[in-house]
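Asks: Structure file model-v2.cif (mmCIF, C-alpha atoms) right here:
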```cif
data_query
#
loop_
_atom_site.label_atom_id
_atom_site.label_comp_id
_atom_site.auth_asym_id
_atom_site.auth_seq_id
_atom_site.Cartn_x
_atom_site.Cartn_y
_atom_site.Cartn_z
CA MET J 1 -13.74 27.25 6.83
CA LYS J 2 -10.06 26.42 6.72
CA PRO J 3 -8.14 27.99 3.82
CA PHE J 4 -7.03 25.45 1.25
CA GLU J 5 -3.45 24.26 1.74
CA LEU J 6 -1.95 22.46 -1.24
CA GLU J 7 0.68 20.60 0.75
CA ASN J 8 -1.94 19.34 3.24
CA ALA J 9 -4.17 18.20 0.39
CA ILE J 10 -1.30 16.36 -1.27
CA ALA J 11 -0.30 14.84 2.08
CA SER J 12 -3.78 13.43 2.64
CA TRP J 13 -3.84 12.18 -0.97
CA ARG J 14 -0.54 10.45 -0.24
CA ALA J 15 -1.86 8.98 3.02
CA GLN J 16 -4.52 6.94 1.22
CA TRP J 17 -1.74 4.90 -0.37
CA VAL J 18 -0.36 3.80 3.01
CA ALA J 19 -2.79 0.90 3.18
CA SER J 20 -2.37 -0.11 -0.46
CA GLU J 21 -1.05 -3.53 -1.26
CA GLY J 22 0.46 -3.39 -4.70
CA VAL J 23 1.92 0.08 -4.78
CA SER J 24 5.52 0.70 -3.73
CA ARG J 25 6.75 3.96 -2.23
CA GLU J 26 8.60 4.74 -5.44
CA THR J 27 5.39 4.45 -7.42
CA VAL J 28 3.58 6.78 -5.02
CA ALA J 29 6.42 9.27 -5.50
CA GLU J 30 6.03 8.95 -9.27
CA LEU J 31 2.26 9.51 -9.06
CA GLU J 32 2.77 12.46 -6.73
CA GLU J 33 5.18 14.08 -9.20
CA HIS J 34 2.53 13.66 -11.89
CA LEU J 35 -0.09 15.21 -9.64
CA ARG J 36 2.11 18.20 -8.86
CA GLU J 37 2.96 18.75 -12.51
CA GLN J 38 -0.72 18.53 -13.45
CA VAL J 39 -1.61 21.07 -10.73
CA ASP J 40 1.10 23.43 -12.00
CA GLY J 41 -0.16 23.08 -15.55
CA LEU J 42 -3.74 23.85 -14.53
CA ARG J 43 -2.71 26.84 -12.42
CA THR J 44 -0.74 28.26 -15.33
CA SER J 45 -3.92 28.14 -17.41
CA GLY J 46 -5.67 30.22 -14.77
CA LEU J 47 -7.38 27.80 -12.36
CA PRO J 48 -7.24 28.64 -8.64
CA GLU J 49 -5.14 26.30 -6.50
CA GLU J 50 -7.97 24.29 -4.95
CA GLU J 51 -9.78 23.67 -8.25
CA ALA J 52 -6.50 22.72 -9.90
CA PHE J 53 -5.79 20.17 -7.21
CA LEU J 54 -9.29 18.65 -7.32
CA LEU J 55 -9.22 18.37 -11.11
CA ALA J 56 -5.70 16.95 -11.13
CA ARG J 57 -6.66 14.37 -8.54
CA ARG J 58 -9.74 13.38 -10.51
CA ARG J 59 -7.72 13.04 -13.72
CA LEU J 60 -5.19 10.84 -11.96
CA GLY J 61 -7.99 8.43 -11.30
CA ASP J 62 -9.60 6.38 -8.57
CA SER J 63 -6.95 4.99 -6.24
CA GLY J 64 -8.81 1.72 -5.67
CA ALA J 65 -8.87 0.89 -9.38
CA LEU J 66 -5.25 1.98 -9.78
CA ASP J 67 -4.19 -0.16 -6.84
CA GLU J 68 -5.77 -3.22 -8.46
CA GLU J 69 -3.97 -2.50 -11.73
CA PHE J 70 -0.63 -2.20 -9.99
CA CYS J 71 -1.35 -5.41 -8.06
CA GLN J 72 -1.76 -7.24 -11.37
CA VAL J 73 1.57 -5.96 -12.64
CA ALA J 74 3.49 -7.22 -9.61
CA PRO J 75 1.37 -9.68 -7.61
CA GLY J 76 4.39 -10.70 -5.55
CA ILE J 77 4.53 -7.35 -3.81
CA ALA J 78 0.98 -7.63 -2.50
CA TRP J 79 1.58 -11.04 -0.97
CA ARG J 80 4.88 -10.08 0.55
CA ARG J 81 3.25 -7.08 2.15
CA ARG J 82 0.39 -9.19 3.54
CA LEU J 83 2.85 -11.69 5.02
CA PHE J 84 4.84 -8.85 6.55
CA TRP J 85 1.81 -7.43 8.36
CA MET J 86 0.70 -10.91 9.45
CA VAL J 87 4.05 -11.51 11.13
CA VAL J 88 4.04 -8.03 12.70
CA GLY J 89 0.53 -8.73 13.98
CA TYR J 90 1.58 -12.02 15.53
CA LEU J 91 4.64 -10.44 17.16
CA GLY J 92 2.57 -7.48 18.34
CA ILE J 93 -0.07 -9.61 20.04
CA SER J 94 2.59 -11.80 21.64
CA VAL J 95 4.36 -8.71 23.00
CA LEU J 96 1.05 -7.41 24.34
CA LEU J 97 0.26 -10.65 26.15
CA MET J 98 3.78 -11.08 27.51
CA LEU J 99 3.88 -7.51 28.86
CA ALA J 100 0.48 -7.78 30.53
CA HIS J 101 1.44 -11.13 32.01
CA SER J 102 4.76 -9.77 33.30
CA ILE J 103 3.08 -6.75 34.87
CA ALA J 104 0.55 -8.88 36.70
CA TYR J 105 3.16 -11.47 37.68
CA GLY J 106 5.52 -8.79 38.89
CA SER J 107 2.80 -7.19 41.01
CA ALA J 108 1.99 -10.54 42.62
CA VAL J 109 5.64 -11.30 43.38
CA ALA J 110 6.15 -7.77 44.71
CA GLY J 111 3.42 -8.52 47.20
CA LEU J 112 0.55 -6.47 45.80
CA PHE J 113 -1.69 -9.51 46.03
CA ARG J 114 -1.92 -12.15 48.63
CA LEU J 115 -3.01 -14.99 46.43
CA GLY J 116 -4.46 -17.10 49.18
CA SER J 117 -2.93 -20.20 50.70
CA THR J 118 -5.03 -22.77 48.85
CA TYR J 119 -5.69 -23.55 45.23
CA GLN J 120 -9.03 -21.86 45.40
CA LEU J 121 -10.33 -18.59 44.12
CA SER J 122 -9.99 -15.74 46.55
CA VAL J 123 -10.90 -12.09 46.28
CA ASP J 124 -7.30 -11.37 45.37
CA SER J 125 -7.61 -13.81 42.45
CA PHE J 126 -10.09 -11.49 40.83
CA TRP J 127 -7.87 -8.49 41.46
CA PHE J 128 -4.98 -10.43 39.88
CA VAL J 129 -7.02 -11.21 36.77
CA GLY J 130 -8.28 -7.62 36.66
CA CYS J 131 -4.70 -6.35 36.90
CA GLN J 132 -3.72 -8.40 33.87
CA LEU J 133 -6.71 -7.20 31.84
CA LEU J 134 -5.99 -3.60 32.82
CA ALA J 135 -2.33 -3.99 31.87
CA LEU J 136 -3.48 -5.46 28.53
CA LEU J 137 -5.68 -2.42 27.91
CA VAL J 138 -2.98 0.10 28.83
CA VAL J 139 -0.25 -1.61 26.83
CA GLY J 140 -2.65 -2.10 23.93
CA GLY J 141 -3.54 1.59 23.97
CA LEU J 142 0.12 2.63 24.07
CA GLY J 143 0.88 0.24 21.23
CA TYR J 144 -1.92 1.64 19.11
CA GLY J 145 -0.73 5.17 19.80
CA ALA J 146 2.78 4.20 18.78
CA PHE J 147 1.43 2.59 15.59
CA ARG J 148 -0.41 5.79 14.66
CA LEU J 149 2.67 7.93 15.33
CA VAL J 150 5.20 5.72 13.61
CA ARG J 151 3.72 5.31 10.15
CA ASN J 152 6.85 3.53 8.98
CA GLY J 153 6.24 -0.22 8.77
CA LYS J 154 9.92 -1.12 8.92
CA ILE J 155 10.61 0.81 12.15
CA LEU J 156 7.51 -0.71 13.69
CA ALA J 157 8.60 -4.22 12.70
CA ILE J 158 12.09 -3.74 14.18
CA ALA J 159 10.66 -2.31 17.42
CA VAL J 160 8.10 -5.11 17.82
CA PHE J 161 10.65 -7.79 16.99
CA SER J 162 13.18 -6.43 19.52
CA LEU J 163 10.51 -6.21 22.21
CA PHE J 164 9.50 -9.79 21.40
CA VAL J 165 13.06 -11.09 21.82
CA LEU J 166 13.62 -9.05 25.01
CA LEU J 167 10.38 -10.18 26.61
CA ARG J 168 10.99 -13.83 25.67
CA ALA J 169 14.42 -13.65 27.30
CA GLY J 170 12.92 -11.81 30.28
CA ASP J 171 10.27 -14.49 30.58
CA HIS J 172 12.84 -17.23 30.99
CA LEU J 173 14.85 -15.10 33.42
CA LYS J 174 11.73 -14.35 35.43
CA GLY J 175 10.94 -18.06 35.61
CA ILE J 176 14.35 -18.75 37.14
CA LEU J 177 14.24 -15.80 39.57
CA VAL J 178 10.70 -16.50 40.76
CA ALA J 179 11.45 -20.18 41.30
CA GLN J 180 14.45 -19.16 43.42
CA ARG J 181 12.71 -16.46 45.45
CA LEU J 182 9.43 -18.15 46.24
CA SER J 183 8.78 -21.27 48.23
CA THR J 184 7.37 -24.28 46.39
CA THR J 185 3.84 -23.64 47.64
CA GLU J 186 3.97 -19.94 46.82
CA TYR J 187 5.30 -20.74 43.34
CA GLY J 188 2.55 -23.30 42.83
CA LEU J 189 -0.12 -20.86 43.95
CA LEU J 190 1.25 -18.15 41.67
CA ALA J 191 1.35 -20.58 38.73
CA PHE J 192 -2.25 -21.61 39.44
CA HIS J 193 -3.52 -18.05 39.51
CA SER J 194 -1.40 -17.11 36.54
CA SER J 195 -2.88 -19.92 34.47
CA LEU J 196 -6.36 -18.84 35.58
CA ALA J 197 -5.71 -15.25 34.54
CA GLY J 198 -4.23 -16.57 31.30
CA THR J 199 -7.47 -18.43 30.49
CA VAL J 200 -9.58 -15.34 31.08
CA VAL J 201 -7.28 -13.25 28.89
CA GLN J 202 -7.40 -15.84 26.08
CA VAL J 203 -11.20 -15.76 26.10
CA VAL J 204 -11.22 -11.94 26.03
CA LEU J 205 -8.62 -12.00 23.24
CA LEU J 206 -10.73 -14.41 21.17
CA VAL J 207 -13.74 -12.11 21.43
CA VAL J 208 -11.66 -9.03 20.53
CA LEU J 209 -9.98 -10.80 17.58
CA LEU J 210 -13.33 -12.01 16.25
CA ALA J 211 -14.74 -8.50 16.48
CA GLY J 212 -11.60 -7.18 14.78
CA LEU J 213 -11.87 -9.72 11.96
CA ILE J 214 -15.49 -8.82 11.31
CA TRP J 215 -14.90 -5.07 11.47
CA CYS J 216 -11.73 -4.99 9.35
CA GLY J 217 -12.95 -7.81 7.13
CA ARG J 218 -15.80 -5.68 5.86
CA SER J 219 -13.38 -3.53 3.87
CA VAL J 220 -11.04 -6.27 2.61
CA ARG J 221 -10.98 -6.71 -1.16
CA ASN J 222 -10.88 -10.31 -2.27
CA PRO J 223 -7.81 -10.97 -4.43
CA ALA J 224 -8.82 -11.12 -8.09
CA MET I 1 -13.26 8.10 -27.71
CA PRO I 2 -12.71 4.56 -29.09
CA ARG I 3 -13.80 1.39 -27.26
CA LYS I 4 -11.98 0.44 -24.07
CA ASP I 5 -10.38 -2.65 -25.57
CA LEU I 6 -9.13 -0.74 -28.58
CA VAL I 7 -7.62 1.92 -26.34
CA ALA I 8 -6.00 -0.78 -24.21
CA ALA I 9 -4.63 -2.70 -27.19
CA SER I 10 -3.22 0.42 -28.81
CA SER I 11 -1.50 1.58 -25.64
CA ARG I 12 1.50 -0.69 -26.20
CA PRO I 13 2.47 0.42 -29.71
CA LEU I 14 1.60 3.99 -28.78
CA LEU I 15 3.86 4.07 -25.73
CA LEU I 16 6.68 2.19 -27.45
CA GLY I 17 6.39 4.54 -30.42
CA ILE I 18 6.45 7.68 -28.27
CA LEU I 19 9.50 6.43 -26.38
CA ALA I 20 11.16 5.63 -29.71
CA GLU I 21 11.06 9.40 -30.31
CA GLY I 22 13.28 9.82 -27.28
CA GLU I 23 13.29 9.33 -23.53
CA ASN I 24 10.31 10.82 -21.76
CA TYR I 25 8.36 10.94 -18.50
CA GLY I 26 4.76 10.15 -17.56
CA TYR I 27 3.10 13.54 -17.68
CA ALA I 28 4.73 14.53 -20.96
CA ILE I 29 3.86 11.16 -22.50
CA ILE I 30 0.18 11.74 -21.77
CA GLN I 31 0.34 15.20 -23.32
CA ARG I 32 1.98 13.69 -26.41
CA VAL I 33 -0.79 11.10 -26.70
CA LYS I 34 -3.40 13.87 -26.57
CA GLU I 35 -1.46 15.85 -29.14
CA LEU I 36 -1.00 12.94 -31.55
CA SER I 37 -4.61 11.80 -31.33
CA GLY I 38 -5.95 15.33 -31.67
CA GLY I 39 -7.72 14.93 -28.34
CA THR I 40 -9.67 11.75 -29.22
CA LEU I 41 -7.50 9.54 -27.00
CA GLN I 42 -7.87 10.78 -23.43
CA TRP I 43 -6.36 8.28 -21.04
CA THR I 44 -6.99 8.36 -17.31
CA ASP I 45 -3.65 9.78 -16.24
CA GLY I 46 -3.01 7.26 -13.51
CA MET I 47 -3.64 4.25 -15.79
CA LEU I 48 -0.54 5.12 -17.79
CA TYR I 49 1.76 4.04 -14.99
CA PRO I 50 0.71 0.39 -14.54
CA VAL I 51 1.16 -0.02 -18.32
CA LEU I 52 4.62 1.57 -18.15
CA HIS I 53 5.57 -0.63 -15.23
CA ARG I 54 4.40 -3.74 -17.06
CA LEU I 55 6.46 -2.78 -20.13
CA GLU I 56 9.44 -2.24 -17.85
CA LYS I 57 8.90 -5.61 -16.19
CA GLU I 58 8.91 -7.24 -19.66
CA GLY I 59 12.24 -5.57 -20.33
CA LEU I 60 10.97 -3.47 -23.24
CA ILE I 61 11.67 -0.16 -21.56
CA ALA I 62 14.00 1.03 -18.81
CA SER I 63 13.55 3.78 -16.22
CA GLU I 64 15.73 6.21 -14.32
CA TRP I 65 15.07 9.00 -11.84
CA LYS I 66 16.61 12.19 -13.11
CA THR I 67 16.66 15.87 -12.21
CA PRO I 68 17.25 17.89 -15.37
CA GLU I 69 18.59 21.44 -15.11
CA GLY I 70 16.09 23.69 -13.41
CA GLU I 71 13.31 21.10 -13.41
CA ARG I 72 11.77 18.76 -10.89
CA ARG I 73 13.01 15.25 -10.18
CA ARG I 74 11.13 12.79 -12.38
CA LYS I 75 11.20 9.17 -13.47
CA TYR I 76 12.28 9.04 -17.11
CA TYR I 77 11.62 6.08 -19.38
CA ARG I 78 13.53 5.04 -22.47
CA LEU I 79 13.16 2.30 -25.06
CA ALA I 80 15.44 -0.74 -24.64
CA SER I 81 16.62 -2.97 -27.49
CA PRO I 82 13.96 -5.64 -26.92
CA GLY I 83 11.51 -2.74 -26.99
CA LYS I 84 12.72 -1.63 -30.40
CA ARG I 85 12.11 -5.15 -31.73
CA ALA I 86 8.70 -5.29 -30.07
CA LEU I 87 7.80 -1.95 -31.63
CA THR I 88 8.67 -3.23 -35.11
CA GLU I 89 6.50 -6.31 -34.54
CA GLU I 90 3.58 -4.25 -33.22
CA ARG I 91 3.83 -1.91 -36.17
CA ALA I 92 3.76 -4.82 -38.61
CA GLU I 93 0.67 -6.27 -36.93
CA TRP I 94 -1.23 -2.98 -36.87
CA GLU I 95 -0.30 -2.19 -40.46
CA SER I 96 -1.59 -5.55 -41.62
CA VAL I 97 -4.91 -5.07 -39.80
CA ASN I 98 -5.17 -1.47 -40.93
CA GLY I 99 -4.28 -2.36 -44.51
CA THR I 100 -6.98 -5.02 -44.64
CA LEU I 101 -9.65 -2.68 -43.28
CA GLU I 102 -8.61 0.09 -45.64
CA LYS I 103 -8.90 -2.21 -48.65
CA LEU I 104 -12.38 -3.24 -47.51
CA TRP I 105 -13.64 0.30 -46.98
CA ASN I 106 -12.05 1.68 -50.13
CA LEU I 107 -13.66 -1.05 -52.23
CA ARG I 108 -17.04 -0.39 -50.59
CA ARG I 109 -16.77 3.31 -51.28
CA ARG I 110 -15.92 2.73 -54.91
CA ALA I 111 -18.80 0.29 -55.25
CA HIS I 112 -21.32 2.81 -53.92
CA CYS I 113 -20.07 5.82 -55.85
CA PRO I 114 -19.04 4.61 -59.25
CA ALA I 115 -16.58 7.08 -60.77
#
```
Take the structure I supplied and represent it as structure tokens, if you would.
Replies:
Amino acid sequence: MKPFELENAIASWRAQWVASEGVSRETVAELEEHLREQVDGLRTSGLPEEEAFLLARRRLGDSGALDEEFCQVAPGIAWRRRLFWMVVGYLGISVLLMLAHSIAYGSAVAGLFRLGSTYQLSVDSFWFVGCQLLALLVVGGLGYGAFRLVRNGKILAIAVFSLFVLLRAGDHLKGILVAQRLSTTEYGLLAFHSSLAGTVVQVVLLVVLLAGLIWCGRSVRNPA
Amino acid sequence: MPRKDLVAASSRPLLLGILAEGENYGYAIIQRVKELSGGTLQWTDGMLYPVLHRLEKEGLIASEWKTPEGERRRKYYRLASPGKRALTEERAEWESVNGTLEKLWNLRRRAHCPA
């Protein structure tokens, strides 16, 4: 059994506030100070460290109930925070799709696929679609890893927004370059297969988003 | 421990009154409440802070992060002028309610135990 570490315990207490809606960082700091002072007080009266922490945390109260109280004091904060994450989510998904699309597109232009000479499905079409789905998975995994590492919402927002702008610009540039490099037929074929892959990805995305809504929605509190 | 709504209603004059004694911070305020009530008023520690924040939002109190000599950095609250006025009003209201109840119970007592 791992020995009790006060700082780790306080850190995991603090982590439960990351997802809260109505509580600002300053308030968490204020509550943490209270917790620490309470722990000190209990230790002075003889309680061992772990018991002191558990009692202090219990006295501070249930974080869910506290969160609701704070939400009522400043309802604006909760809505601003929701809007922030909605925009980050939109930007994040757009970045994901653009990156996957660019990877697949780039591979086709670089000659990894021979997308057939007619507007019909060929074996390579399936490889092209598969490449885009794989790229989506890899980029999605990297993005999730980055999200877990960077717990700071602001840094994440800036990174996602910059990527969004870069990829949008790159998209337009790519359009120009590809139109110049490829012959009309080749461009048409690539556009056809790209739109096909795009349709498949949209369907997959719909299924994933629906699953995500149901799974995350189970723990969403309805606003009072 | 009194009813929830009584505890909630009394939290405003209590907090304003404690801050009228001088600037103070969360943990110490809770200890003072326990001390004043002789242990009958035991608030959930965390619930103090939304009430303080609401009072601050109404402009009755003001806050400041300070690090006193040799102590930890804390958020201190003090009573603002609108708060002083609010405290006077609260006091008047509670005294009128209290006075009425006292009259009622004193009369009752005298009726049941004639001197």
Asks: Do a neighbour search on I:Pro50 at 7 Å with all atoms listed in the file, toss out local chain neighbours closer than 6 positions, and write the hits as a ChimeraX atom specification.
Replies: /J:69-70,73
Asks: Using all atoms listed in the file, find which residues of chain I lie within 8 Å of chain J and jot them down as a VMD selection string.
Replies: chain I and resid 26 to 27 44 to 47 50 53 to 54 73 to 75
Asks: Suppose you want the space between atom CA of J:Leu99 and atom CA of J:Leu167; what is it in Å?
Replies: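 Computing it gives 7.4 Å between the two atoms.
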Asks: So what does the PyMOL selection byres ((chain J and resi 6-21) around 7) actually pick up in this one, as number ranges by chain?
Replies: J: 4-5, 22-23, 67, 78, 81
Asks: Return as a count of residues only the set of residues that the PyMOL selection byres ((chain I and resi 87) around 10) yields on the displayed structure.
Replies: 21
Asks: For this structure, which residues satisfy the selection - the PyMOL selection byres ((chain J and resi 108) around 12) - when it is evaluated on the file as given? I want them as a count of residues only.
Replies: 31
Asks: So which one's closest to I:Tyr49, I:Ile29, I:Ile18, I:Leu6, I:Leu36? Using all atoms listed in the file, please.
Replies: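 Distance minimum relative to I:Tyr49 lands on I:Ile29.
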Asks: In Å, rounded to a single decimal, give me how far atom CA of J:Val87 is from atom CA of J:Val208.
Replies: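 Taking atom CA of J:Val208 as the start and atom CA of J:Val87 as the end point, the length is 18.5 Å.
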Asks: Pick out the residues sitting within 8 Å of J:Glu49, and hand them over as a ChimeraX atom specification; count only C-alpha atoms, and ignore anything fewer than 4 positions along from it in its own chain.
Replies: /J:6,39,43,53
Asks: Output C-alpha atoms for every residue in the selection just made, as a compact mmCIF listing (two decimals), in the frame of the given file.
Replies:
```txt
# COMPACT_ATOMS: atom_id res chain seq x y z
CA LEU J 6 -1.95 22.46 -1.24
CA VAL J 39 -1.61 21.07 -10.73
CA ARG J 43 -2.71 26.84 -12.42
CA PHE J 53 -5.79 20.17 -7.21
```
Asks: Find the residues near stretch 150-166 of chain J: any atom within 7 Å, counting only C-alpha atoms, skip ones fewer than 5 places away on the same chain, and give them as a ChimeraX atom specification.
Replies: /J:88,91-92,95
